[in-house]
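Colleague: This one is coords-v4.csv, CSV, C-alpha atoms.
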chain,number,residue,atom,x,y,z
A,9,MET,CA,-4.5,-1.2,38.8
A,10,SER,CA,-3.3,1.4,36.3
A,11,THR,CA,-5.1,1.9,33.0
A,12,PRO,CA,-2.1,0.9,30.8
A,13,THR,CA,-1.8,-2.4,32.7
A,14,VAL,CA,-5.5,-3.1,32.4
A,15,LEU,CA,-5.4,-2.2,28.7
A,16,ALA,CA,-2.4,-4.5,28.1
A,17,ARG,CA,-4.1,-7.4,29.8
A,18,THR,CA,-7.4,-6.8,28.0
A,19,GLY,CA,-5.5,-6.6,24.7
A,20,ASN,CA,-3.9,-10.0,25.5
A,21,ALA,CA,-7.4,-11.4,26.4
A,22,GLU,CA,-8.9,-10.0,23.1
A,23,TRP,CA,-6.1,-11.6,21.1
A,24,SER,CA,-6.7,-15.0,22.8
A,25,ARG,CA,-10.5,-14.6,22.2
A,26,LEU,CA,-9.9,-13.7,18.6
A,27,TRP,CA,-7.8,-16.8,17.7
A,28,SER,CA,-9.3,-19.3,20.1
A,29,VAL,CA,-12.5,-19.7,18.2
A,30,ARG,CA,-12.9,-21.8,15.0
A,31,SER,CA,-14.7,-19.1,13.0
A,32,THR,CA,-11.7,-16.8,12.9
A,33,TRP,CA,-9.5,-19.6,11.5
A,34,ILE,CA,-12.1,-20.6,9.0
A,35,PHE,CA,-12.6,-17.1,7.7
A,36,ALA,CA,-8.9,-16.4,7.6
A,37,ILE,CA,-8.1,-19.7,5.7
A,38,ALA,CA,-11.0,-19.2,3.3
A,39,THR,CA,-9.8,-15.7,2.5
A,40,ALA,CA,-6.3,-16.8,2.0
A,41,ILE,CA,-7.4,-19.6,-0.4
A,42,VAL,CA,-9.5,-17.2,-2.4
A,43,VAL,CA,-6.9,-14.5,-2.6
A,44,LEU,CA,-4.0,-16.8,-3.5
A,45,GLY,CA,-6.3,-18.8,-5.9
A,46,PHE,CA,-7.1,-15.6,-7.9
A,47,ALA,CA,-3.5,-14.6,-7.8
A,48,THR,CA,-2.6,-18.0,-9.4
A,49,ILE,CA,-5.3,-17.5,-12.1
A,50,ALA,CA,-4.0,-14.0,-12.8
A,51,GLY,CA,-0.4,-15.2,-12.9
A,52,TYR,CA,-1.2,-18.0,-15.3
A,53,ASP,CA,-3.1,-15.6,-17.6
A,54,ILE,CA,-0.2,-13.2,-17.6
A,55,SER,CA,2.4,-16.0,-18.3
A,56,ASP,CA,0.2,-17.3,-21.1
A,57,ASP,CA,-0.2,-13.9,-22.8
A,58,PRO,CA,2.4,-13.4,-25.5
A,59,THR,CA,1.9,-9.7,-25.6
A,60,GLY,CA,2.3,-9.4,-21.9
A,61,PRO,CA,1.2,-6.5,-19.6
A,62,GLY,CA,2.2,-2.9,-20.2
A,63,PRO,CA,5.8,-1.8,-19.9
A,64,ASP,CA,5.2,-0.1,-16.5
A,65,ALA,CA,3.4,-3.1,-15.0
A,66,THR,CA,4.8,-5.0,-12.1
A,67,ALA,CA,3.8,-8.0,-10.1
A,68,TRP,CA,2.3,-5.6,-7.5
A,69,ASP,CA,-0.3,-4.7,-10.0
A,70,GLY,CA,-1.3,-8.3,-10.3
A,71,GLY,CA,-1.4,-8.7,-6.6
A,72,ARG,CA,-3.5,-5.6,-6.3
A,73,PHE,CA,-6.1,-7.3,-8.4
A,74,THR,CA,-6.8,-9.6,-5.5
A,75,ALA,CA,-7.2,-6.8,-3.0
A,76,MET,CA,-11.0,-6.8,-3.4
A,77,PHE,CA,-11.2,-10.4,-2.4
A,78,ALA,CA,-9.1,-9.7,0.7
A,79,LEU,CA,-11.4,-6.8,1.5
A,80,PHE,CA,-14.4,-9.2,1.6
A,81,GLY,CA,-12.5,-11.4,4.2
A,82,VAL,CA,-11.4,-8.4,6.2
A,83,LEU,CA,-14.9,-7.0,6.5
A,84,ALA,CA,-16.5,-10.3,7.3
A,85,LEU,CA,-13.9,-11.1,10.0
A,86,SER,CA,-14.2,-7.6,11.6
A,87,VAL,CA,-18.0,-8.0,11.9
A,88,VAL,CA,-17.9,-11.6,13.2
A,89,THR,CA,-15.2,-10.9,15.8
A,90,SER,CA,-16.9,-7.8,17.1
A,91,THR,CA,-20.3,-9.4,17.4
A,92,ALA,CA,-19.4,-12.9,18.6
A,93,ASP,CA,-19.7,-12.5,22.3
A,94,HIS,CA,-22.9,-10.4,22.0
A,95,GLY,CA,-24.5,-13.3,20.1
A,96,THR,CA,-23.4,-15.9,22.7
A,97,GLY,CA,-23.9,-13.8,25.8
A,98,GLY,CA,-20.2,-13.8,26.5
A,99,ILE,CA,-20.1,-10.0,26.7
A,100,VAL,CA,-21.5,-10.2,30.3
A,101,PRO,CA,-18.6,-12.2,31.8
A,102,THR,CA,-16.2,-10.1,29.6
A,103,LEU,CA,-17.5,-6.9,31.2
A,104,GLN,CA,-17.4,-8.5,34.7
A,105,TRP,CA,-13.7,-9.2,34.0
A,106,THR,CA,-13.1,-5.8,32.5
A,107,PRO,CA,-15.7,-3.4,33.9
A,108,ARG,CA,-14.0,-0.4,32.3
A,109,ARG,CA,-15.9,-0.3,29.1
A,110,GLY,CA,-13.7,2.3,27.5
A,111,VAL,CA,-10.7,0.1,28.1
A,112,LEU,CA,-12.5,-2.9,26.6
A,113,LEU,CA,-13.5,-0.8,23.6
A,114,ALA,CA,-9.9,0.5,23.0
A,115,ALA,CA,-8.4,-3.0,23.3
A,116,ARG,CA,-11.0,-4.7,21.2
A,117,THR,CA,-10.8,-2.1,18.4
A,118,ALA,CA,-7.0,-2.0,18.4
A,119,VAL,CA,-6.5,-5.8,18.3
A,120,ILE,CA,-9.2,-6.5,15.7
A,121,THR,CA,-8.0,-3.6,13.5
A,122,ALA,CA,-4.3,-4.4,13.7
A,123,THR,CA,-5.0,-8.1,13.0
A,124,MET,CA,-7.3,-7.6,10.0
A,125,THR,CA,-5.1,-4.9,8.5
A,126,LEU,CA,-2.0,-7.1,8.7
A,127,LEU,CA,-3.9,-10.1,7.4
A,128,GLY,CA,-5.1,-8.2,4.3
A,129,VAL,CA,-1.7,-6.7,3.6
A,130,VAL,CA,0.1,-10.0,4.0
A,131,LEU,CA,-2.3,-11.8,1.7
A,132,VAL,CA,-2.0,-9.2,-1.1
A,133,ALA,CA,1.8,-9.2,-0.7
A,134,ALA,CA,1.8,-13.1,-1.0
A,135,ALA,CA,-0.5,-12.8,-4.0
A,136,SER,CA,2.0,-10.4,-5.7
A,137,VAL,CA,4.8,-13.0,-5.1
A,138,VAL,CA,2.6,-15.7,-6.7
A,139,VAL,CA,2.0,-13.5,-9.7
A,140,TRP,CA,5.7,-12.7,-9.9
A,141,SER,CA,6.6,-16.5,-9.8
A,142,PHE,CA,4.6,-17.0,-13.0
A,143,ARG,CA,6.4,-14.1,-14.8
A,144,PRO,CA,9.6,-12.9,-13.0
A,145,SER,CA,10.2,-10.3,-15.7
A,146,LEU,CA,7.5,-8.2,-14.1
A,147,GLY,CA,9.7,-7.6,-11.1
A,148,LEU,CA,8.8,-6.7,-7.5
A,149,PRO,CA,10.3,-3.2,-6.9
A,150,ILE,CA,10.5,-2.6,-3.2
A,151,GLY,CA,9.6,1.1,-3.4
A,152,GLU,CA,6.4,0.5,-5.4
A,153,GLY,CA,5.5,-2.5,-3.1
A,154,ILE,CA,5.8,-0.3,0.1
A,155,LYS,CA,3.6,2.4,-1.5
A,156,SER,CA,1.0,-0.1,-2.7
A,157,LEU,CA,0.8,-2.0,0.5
A,158,ALA,CA,0.7,1.1,2.6
A,159,GLU,CA,-2.3,2.3,0.7
A,160,LEU,CA,-4.0,-1.0,1.0
A,161,GLY,CA,-3.3,-0.9,4.7
A,162,PHE,CA,-5.2,2.4,4.9
A,163,VAL,CA,-8.2,0.8,3.2
A,164,TYR,CA,-8.2,-2.3,5.3
A,165,THR,CA,-7.7,-0.3,8.5
A,166,PHE,CA,-10.7,1.9,8.0
A,167,ALA,CA,-12.8,-0.8,6.5
A,168,THR,CA,-12.2,-2.8,9.6
A,169,LEU,CA,-13.2,0.1,11.8
A,170,LEU,CA,-16.4,0.4,9.8
A,171,GLY,CA,-17.1,-3.3,10.4
A,172,ILE,CA,-16.3,-3.1,14.1
A,173,GLY,CA,-18.6,0.0,14.4
A,174,LEU,CA,-21.5,-1.7,12.7
A,175,GLY,CA,-20.9,-4.8,14.8
A,176,LEU,CA,-21.0,-2.9,18.1
A,177,LEU,CA,-23.9,-0.8,16.9
A,178,THR,CA,-26.2,-3.6,15.8
A,179,ARG,CA,-24.8,-6.4,18.1
A,180,SER,CA,-26.0,-8.8,15.4
A,181,THR,CA,-23.7,-10.6,13.0
A,182,ALA,CA,-26.4,-10.9,10.4
A,183,ALA,CA,-27.5,-7.3,10.6
A,184,ALA,CA,-23.9,-6.0,10.6
A,185,LEU,CA,-22.9,-8.1,7.6
A,186,VAL,CA,-25.9,-7.0,5.6
A,187,SER,CA,-25.2,-3.3,6.5
A,188,VAL,CA,-21.5,-3.5,5.7
A,189,ILE,CA,-22.1,-5.2,2.4
A,190,ALA,CA,-24.7,-2.6,1.5
A,191,LEU,CA,-22.5,0.4,2.4
A,192,MET,CA,-19.3,-1.0,0.8
A,193,PHE,CA,-20.7,-2.7,-2.4
A,194,VAL,CA,-24.4,-2.6,-3.1
A,195,LEU,CA,-25.5,1.0,-2.5
A,196,PRO,CA,-22.5,2.7,-4.2
A,197,LEU,CA,-23.0,0.6,-7.3
A,198,ILE,CA,-26.8,1.1,-7.4
A,199,LEU,CA,-26.7,4.8,-6.7
A,200,ALA,CA,-24.0,5.4,-9.4
A,201,GLN,CA,-26.2,3.7,-12.0
A,202,LEU,CA,-29.2,5.9,-11.5
A,203,PRO,CA,-29.7,8.8,-14.0
A,204,TYR,CA,-29.6,11.6,-11.4
A,205,ASP,CA,-26.7,13.8,-10.4
A,206,TRP,CA,-27.6,13.7,-6.7
A,207,THR,CA,-27.5,9.9,-6.6
A,208,VAL,CA,-24.1,9.8,-8.3
A,209,THR,CA,-22.9,12.4,-5.8
A,210,LEU,CA,-24.3,10.4,-2.9
A,211,SER,CA,-22.6,7.3,-4.3
A,212,ALA,CA,-19.3,9.1,-4.2
A,213,ARG,CA,-19.9,9.8,-0.5
A,214,MET,CA,-20.3,6.2,0.3
A,215,PRO,CA,-17.4,4.3,2.0
A,216,GLY,CA,-17.4,1.7,-0.7
A,217,SER,CA,-16.7,4.2,-3.4
A,218,GLY,CA,-13.8,5.6,-1.4
A,219,ALA,CA,-12.3,2.1,-0.9
A,220,LEU,CA,-12.8,1.1,-4.6
A,221,PHE,CA,-11.1,4.4,-5.8
A,222,LEU,CA,-8.1,3.8,-3.5
A,223,LEU,CA,-7.9,0.2,-4.8
A,224,PHE,CA,-8.4,0.7,-8.5
A,225,GLY,CA,-8.4,4.4,-9.1
A,226,GLU,CA,-12.0,4.5,-10.4
A,227,GLY,CA,-15.0,6.1,-8.8
A,228,PRO,CA,-18.6,7.2,-9.7
A,229,ARG,CA,-17.5,10.8,-10.3
A,230,ASP,CA,-14.6,12.0,-12.4
A,231,ASP,CA,-13.6,14.6,-9.8
A,232,MET,CA,-12.8,12.0,-7.1
A,233,THR,CA,-9.3,12.2,-5.8
A,234,THR,CA,-7.1,10.1,-3.6
A,235,THR,CA,-7.6,12.7,-0.8
A,236,SER,CA,-11.4,12.8,-1.1
A,237,ALA,CA,-11.5,9.0,-1.2
A,238,ARG,CA,-9.4,8.7,2.0
A,239,LEU,CA,-11.5,11.3,3.8
A,240,THR,CA,-14.7,9.6,2.8
A,241,LEU,CA,-13.6,6.1,3.9
A,242,GLY,CA,-11.8,7.5,7.0
A,243,LEU,CA,-14.8,9.5,8.2
A,244,TRP,CA,-17.2,6.6,7.8
A,245,GLY,CA,-14.9,4.3,9.7
A,246,VAL,CA,-14.3,6.7,12.6
A,247,ALA,CA,-17.9,7.8,12.8
A,248,LEU,CA,-19.3,4.3,12.9
A,249,THR,CA,-16.7,3.1,15.4
A,250,ALA,CA,-17.6,6.1,17.6
A,251,ALA,CA,-21.3,5.3,17.4
A,252,GLY,CA,-20.8,1.6,18.1
A,253,GLY,CA,-18.4,2.4,21.0
A,254,LEU,CA,-20.9,4.8,22.5
A,255,ARG,CA,-23.6,2.1,22.5
A,256,LEU,CA,-21.1,-0.3,24.2
A,257,ILE,CA,-20.3,2.2,26.9
A,258,ARG,CA,-23.8,3.7,27.5
A,259,ALA,CA,-26.3,0.8,26.8
A,260,ASP,CA,-26.9,-2.5,28.6
A,261,ALA,CA,-24.5,-5.0,27.1
A,262,ASP,CA,-27.0,-7.9,26.9
A,263,ARG,CA,-29.6,-6.1,24.9
As structure tokens, please, write out the structure in this file.
Modeller:
Amino acid sequence: MSTPTVLARTGNAEWSRLWSVRSTWIFAIATAIVVLGFATIAGYDISDDPTGPGPDATAWDGGRFTAMFALFGVLALSVVTSTADHGTGGIVPTLQWTPRRGVLLAARTAVITATMTLLGVVLVAAASVVVWSFRPSLGLPIGEGIKSLAELGFVYTFATLLGIGLGLLTRSTAAALVSVIALMFVLPLILAQLPYDWTVTLSARMPGSGALFLLFGEGPRDDMTTTSARLTLGLWGVALTAAGGLRLIRADADR
């Protein structure tokens, strides 16, 4: 059987595996509730403010406020879905059905990454509509929306790759969740607060700093740019996916 055929069938199986378990739906629904809930709060605050936002503000800015909460859900889902069958032992029959580990890695990475990225972008877009419904005068310019959602898509794509990589590398949901939270949120914040130049520089090299800069335009160093933030987040995502994929391909799957 040709590799494209096996890849397509494996991709279909990974999609079924992803949405046939309750945890995926629970995480997705919980993330949607949180994102849209905060969008409602933001919209209400804006509508109740007589001075209103700045003259250049749009509803996309309000929706972008919820992007961080969507990021939490994307990271958690990417970890849980990449470690699930390692925790249950289901990886053994999975590899018996798809013994080409490189094909399994490609299919699993592609399906989880595409799904999580789309989920995050759709939720933020919906949050922007919620904000706009409270104050239609803000507007929803198409051009700005495409630009904003594309940048968010970049963040969610490489954040998902980081989560997948840690999941495949540790093969433990708990260990991967702790690691991804540390790299994305805890370590960048702690290192940036220490009174040493080298810790601030190290903080700027963490994936969380890159993601936060792309989301909100702020970082631990004044010289951070969009390009450097993209490179930082992108390299971390690719490197950890490669490391996790190497373990999947080289090491015994049930250890």
Colleague: Using 9 Å as the limit and counting only C-alpha atoms, can you tabulate each residue of region 64-119 of chain A that touches region 31-48 of chain A, with its shortest atom-to-atom distance in Å and the two atoms involved, as JSON lines?
Modeller:
{"residue": "A:Gly70", "atom": "CA", "partner": "A:Ala47", "partner_atom": "CA", "distance": 7.1}
{"residue": "A:Gly71", "atom": "CA", "partner": "A:Ala47", "partner_atom": "CA", "distance": 6.4}
{"residue": "A:Phe73", "atom": "CA", "partner": "A:Ala47", "partner_atom": "CA", "distance": 7.8}
{"residue": "A:Thr74", "atom": "CA", "partner": "A:Val43", "partner_atom": "CA", "distance": 5.7}
{"residue": "A:Ala75", "atom": "CA", "partner": "A:Val43", "partner_atom": "CA", "distance": 7.7}
{"residue": "A:Met76", "atom": "CA", "partner": "A:Val43", "partner_atom": "CA", "distance": 8.8}
{"residue": "A:Phe77", "atom": "CA", "partner": "A:Val43", "partner_atom": "CA", "distance": 5.9}
{"residue": "A:Ala78", "atom": "CA", "partner": "A:Val43", "partner_atom": "CA", "distance": 6.2}
{"residue": "A:Phe80", "atom": "CA", "partner": "A:Thr39", "partner_atom": "CA", "distance": 8.0}
{"residue": "A:Gly81", "atom": "CA", "partner": "A:Thr39", "partner_atom": "CA", "distance": 5.4}
{"residue": "A:Val82", "atom": "CA", "partner": "A:Thr39", "partner_atom": "CA", "distance": 8.3}
{"residue": "A:Ala84", "atom": "CA", "partner": "A:Phe35", "partner_atom": "CA", "distance": 7.8}
{"residue": "A:Leu85", "atom": "CA", "partner": "A:Phe35", "partner_atom": "CA", "distance": 6.6}
{"residue": "A:Val88", "atom": "CA", "partner": "A:Thr32", "partner_atom": "CA", "distance": 8.1}
{"residue": "A:Thr89", "atom": "CA", "partner": "A:Thr32", "partner_atom": "CA", "distance": 7.4}
Colleague: Hey, can you check how far CA of Leu15 (chain A) sits from CA of Val111 (chain A)?
Modeller: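 Result for CA of Leu15 (chain A) versus CA of Val111 (chain A): 5.8 Å, one decimal.
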Colleague: Using only C-alpha atoms, tabulate the residues of region 96-156 of chain A lying at most 12 Å from any atom of region 178-198 of chain A, each with its closest atom pair and that distance in Å to one decimal, by chain and increasing residue number, as CSV.
Modeller:
residue,atom,partner,partner_atom,distance
A:Thr96,CA,A:Ser180,CA,10.5
A:Gly97,CA,A:Arg179,CA,10.7
A:Ile99,CA,A:Arg179,CA,10.4
Colleague: Take the residues from that selection and write them out as a compact mmCIF listing (two decimals), in the coordinates of the input, keeping C-alpha atoms.
Modeller:
# COMPACT_ATOMS: atom_id res chain seq x y z
CA THR A 96 -23.40 -15.90 22.70
CA GLY A 97 -23.90 -13.80 25.80
CA ILE A 99 -20.10 -10.00 26.70
Colleague: Please produce, as a Markdown table, a per-residue contact table for region 184-226 of chain A versus region 153-162 of chain A (criterion: any atom at most 10 Å away, only C-alpha atoms considered), showing the nearest atom pair and its distance in Å to one decimal, sorted by chain then residue number.
Modeller:
| residue | atom | partner | partner_atom | distance |
| --- | --- | --- | --- | --- |
| A:Ala219 | CA | A:Leu160 | CA | 9.1 |
| A:Leu222 | CA | A:Glu159 | CA | 7.3 |
| A:Leu223 | CA | A:Leu160 | CA | 7.1 |
Colleague: Check the smallest atom-to-atom distance from each of A:Tyr52, A:Trp244, A:Trp27, A:Trp206 to Pro228 (chain A) using only C-alpha atoms, then report the winner.
Modeller: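 Ranking A:Tyr52, A:Trp244, A:Trp27, A:Trp206 by distance to Pro228 (chain A), first place goes to A:Trp206.
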Colleague: Given the point (10.1, -7.6, -9.5) in the file's coordinates, find the residues that have an atom at most 12 Å from it, counting all atoms listed in the file, and give them as a PDB file with C-alpha atoms, in the coordinates of the input.
Modeller:
ATOM      1  CA  ASP A  64       5.200  -0.100 -16.500  1.00  0.00           C
ATOM      2  CA  ALA A  65       3.400  -3.100 -15.000  1.00  0.00           C
ATOM      3  CA  THR A  66       4.800  -5.000 -12.100  1.00  0.00           C
ATOM      4  CA  ALA A  67       3.800  -8.000 -10.100  1.00  0.00           C
ATOM      5  CA  TRP A  68       2.300  -5.600  -7.500  1.00  0.00           C
ATOM      6  CA  ASP A  69      -0.300  -4.700 -10.000  1.00  0.00           C
ATOM      7  CA  GLY A  70      -1.300  -8.300 -10.300  1.00  0.00           C
ATOM      8  CA  GLY A  71      -1.400  -8.700  -6.600  1.00  0.00           C
ATOM      9  CA  SER A 136       2.000 -10.400  -5.700  1.00  0.00           C
ATOM     10  CA  VAL A 137       4.800 -13.000  -5.100  1.00  0.00           C
ATOM     11  CA  VAL A 138       2.600 -15.700  -6.700  1.00  0.00           C
ATOM     12  CA  VAL A 139       2.000 -13.500  -9.700  1.00  0.00           C
ATOM     13  CA  TRP A 140       5.700 -12.700  -9.900  1.00  0.00           C
ATOM     14  CA  SER A 141       6.600 -16.500  -9.800  1.00  0.00           C
ATOM     15  CA  PHE A 142       4.600 -17.000 -13.000  1.00  0.00           C
ATOM     16  CA  ARG A 143       6.400 -14.100 -14.800  1.00  0.00           C
ATOM     17  CA  PRO A 144       9.600 -12.900 -13.000  1.00  0.00           C
ATOM     18  CA  SER A 145      10.200 -10.300 -15.700  1.00  0.00           C
ATOM     19  CA  LEU A 146       7.500  -8.200 -14.100  1.00  0.00           C
ATOM     20  CA  GLY A 147       9.700  -7.600 -11.100  1.00  0.00           C
ATOM     21  CA  LEU A 148       8.800  -6.700  -7.500  1.00  0.00           C
ATOM     22  CA  PRO A 149      10.300  -3.200  -6.900  1.00  0.00           C
ATOM     23  CA  ILE A 150      10.500  -2.600  -3.200  1.00  0.00           C
ATOM     24  CA  GLY A 151       9.600   1.100  -3.400  1.00  0.00           C
ATOM     25  CA  GLU A 152       6.400   0.500  -5.400  1.00  0.00           C
ATOM     26  CA  GLY A 153       5.500  -2.500  -3.100  1.00  0.00           C
TER      27      GLY A 153
END
Colleague: Using all atoms listed in the file, which residues sit within 10 Å of Met232 (chain A) once same-chain residues fewer than 6 positions away are excluded, as JSON, numbers by chain?
Modeller: {"A": [212, 213, 217, 218, 221, 225, 226]}
Colleague: Please provide the set of residues having any atom within 10 Å of Ala247 (chain A), restricted to all atoms listed in the file, with same-chain residues fewer than 4 positions apart removed, written as a compact mmCIF listing (two decimals) with C-alpha atoms, keeping the file's coordinate frame.
Modeller:
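As written to disk, around-v8.txt reads:
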# COMPACT_ATOMS: atom_id res chain seq x y z
CA LEU A 169 -13.20 0.10 11.80
CA LEU A 170 -16.40 0.40 9.80
CA GLY A 173 -18.60 0.00 14.40
CA GLY A 242 -11.80 7.50 7.00
CA LEU A 243 -14.80 9.50 8.20
CA ALA A 251 -21.30 5.30 17.40
CA GLY A 252 -20.80 1.60 18.10
CA GLY A 253 -18.40 2.40 21.00
Colleague: Neighbours of Gly245 (chain A) within 10 Å (only C-alpha atoms; same-chain residues fewer than 2 positions away dropped), as a list in words?
Modeller: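 That gives Val163, Thr165, Phe166, Ala167, Thr168, Leu169, Leu170, Gly171, Ile172, Gly173, Leu174, Pro215, Leu239, Thr240, Leu241, Gly242, Leu243, Ala247, Leu248, Thr249 and Ala250 of chain A.
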Colleague: When you draw a straight line from CA of Arg116 (chain A) to CA of Leu177 (chain A), how long is it in Å?
Modeller: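 CA of Arg116 (chain A) sits 14.1 Å away from CA of Leu177 (chain A).
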Colleague: Quote the spacing between CA of Pro101 (chain A) and CA of Leu83 (chain A) in Å to one decimal place.
Modeller: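 Separation between CA of Pro101 (chain A) and CA of Leu83 (chain A): 26.1 Å.
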Colleague: Name the closest residue to Arg238 (chain A) among the candidates A:Tyr164, A:Ser211, A:Asp205, A:Met124; distances are taken between atoms, counting all atoms listed in the file.
Modeller: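 Checking each of A:Tyr164, A:Ser211, A:Asp205, A:Met124 against Arg238 (chain A), counting all atoms listed in the file, the winner is A:Tyr164.
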Colleague: Within 12 Å of Ser24 (chain A), counting all atoms listed in the file, which residues show up once you throw out same-chain ones fewer than 4 positions away? Write them as a PyMOL selection string, please.
Modeller: chain A and resi 17-20+28-29+32+89+116+119-120
Colleague: Place all heavy atoms on region 81-88 of chain A and deliver the coordinates as a PDB file, in the frame of the given file.
Modeller:
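The resulting out00.pdb:
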ATOM      1  N   GLY A  81     -12.922 -10.594   2.966  1.00  0.00           N
ATOM      2  CA  GLY A  81     -12.500 -11.400   4.200  1.00  0.00           C
ATOM      3  C   GLY A  81     -12.314 -10.470   5.356  1.00  0.00           C
ATOM      4  O   GLY A  81     -12.730 -10.792   6.478  1.00  0.00           O
ATOM      5  N   VAL A  82     -11.644  -9.333   5.152  1.00  0.00           N
ATOM      6  CA  VAL A  82     -11.400  -8.400   6.200  1.00  0.00           C
ATOM      7  C   VAL A  82     -12.687  -7.874   6.834  1.00  0.00           C
ATOM      8  O   VAL A  82     -12.854  -7.811   8.066  1.00  0.00           O
ATOM      9  CB  VAL A  82     -10.505  -7.230   5.731  1.00  0.00           C
ATOM     10  CG1 VAL A  82     -10.516  -6.062   6.712  1.00  0.00           C
ATOM     11  CG2 VAL A  82      -9.078  -7.705   5.499  1.00  0.00           C
ATOM     12  N   LEU A  83     -13.627  -7.488   5.980  1.00  0.00           N
ATOM     13  CA  LEU A  83     -14.900  -7.000   6.500  1.00  0.00           C
ATOM     14  C   LEU A  83     -15.681  -8.054   7.223  1.00  0.00           C
ATOM     15  O   LEU A  83     -16.240  -7.798   8.300  1.00  0.00           O
ATOM     16  CB  LEU A  83     -15.741  -6.475   5.282  1.00  0.00           C
ATOM     17  CG  LEU A  83     -15.283  -5.162   4.654  1.00  0.00           C
ATOM     18  CD1 LEU A  83     -16.022  -4.920   3.331  1.00  0.00           C
ATOM     19  CD2 LEU A  83     -15.519  -3.990   5.594  1.00  0.00           C
ATOM     20  N   ALA A  84     -15.739  -9.257   6.663  1.00  0.00           N
ATOM     21  CA  ALA A  84     -16.500 -10.300   7.300  1.00  0.00           C
ATOM     22  C   ALA A  84     -15.873 -10.675   8.682  1.00  0.00           C
ATOM     23  O   ALA A  84     -16.593 -10.816   9.677  1.00  0.00           O
ATOM     24  CB  ALA A  84     -16.492 -11.573   6.434  1.00  0.00           C
ATOM     25  N   LEU A  85     -14.556 -10.762   8.737  1.00  0.00           N
ATOM     26  CA  LEU A  85     -13.900 -11.100  10.000  1.00  0.00           C
ATOM     27  C   LEU A  85     -14.079  -9.986  11.038  1.00  0.00           C
ATOM     28  O   LEU A  85     -14.274 -10.267  12.221  1.00  0.00           O
ATOM     29  CB  LEU A  85     -12.400 -11.322   9.738  1.00  0.00           C
ATOM     30  CG  LEU A  85     -11.978 -12.779   9.553  1.00  0.00           C
ATOM     31  CD1 LEU A  85     -10.534 -12.851   9.075  1.00  0.00           C
ATOM     32  CD2 LEU A  85     -12.140 -13.560  10.838  1.00  0.00           C
ATOM     33  N   SER A  86     -14.015  -8.729  10.609  1.00  0.00           N
ATOM     34  CA  SER A  86     -14.200  -7.600  11.600  1.00  0.00           C
ATOM     35  C   SER A  86     -15.575  -7.636  12.175  1.00  0.00           C
ATOM     36  O   SER A  86     -15.745  -7.366  13.367  1.00  0.00           O
ATOM     37  CB  SER A  86     -13.898  -6.288  10.885  1.00  0.00           C
ATOM     38  OG  SER A  86     -14.841  -6.022   9.856  1.00  0.00           O
ATOM     39  N   VAL A  87     -16.577  -7.969  11.368  1.00  0.00           N
ATOM     40  CA  VAL A  87     -18.000  -8.000  11.900  1.00  0.00           C
ATOM     41  C   VAL A  87     -18.118  -9.221  12.819  1.00  0.00           C
ATOM     42  O   VAL A  87     -18.642  -9.087  13.930  1.00  0.00           O
ATOM     43  CB  VAL A  87     -18.955  -8.133  10.706  1.00  0.00           C
ATOM     44  CG1 VAL A  87     -20.343  -8.525  11.217  1.00  0.00           C
ATOM     45  CG2 VAL A  87     -19.030  -6.807   9.969  1.00  0.00           C
ATOM     46  N   VAL A  88     -17.678 -10.391  12.381  1.00  0.00           N
ATOM     47  CA  VAL A  88     -17.900 -11.600  13.200  1.00  0.00           C
ATOM     48  C   VAL A  88     -17.163 -11.501  14.527  1.00  0.00           C
ATOM     49  O   VAL A  88     -17.723 -11.858  15.573  1.00  0.00           O
ATOM     50  CB  VAL A  88     -17.356 -12.831  12.399  1.00  0.00           C
ATOM     51  CG1 VAL A  88     -17.308 -14.064  13.295  1.00  0.00           C
ATOM     52  CG2 VAL A  88     -18.254 -13.106  11.205  1.00  0.00           C
TER      53      VAL A  88
END
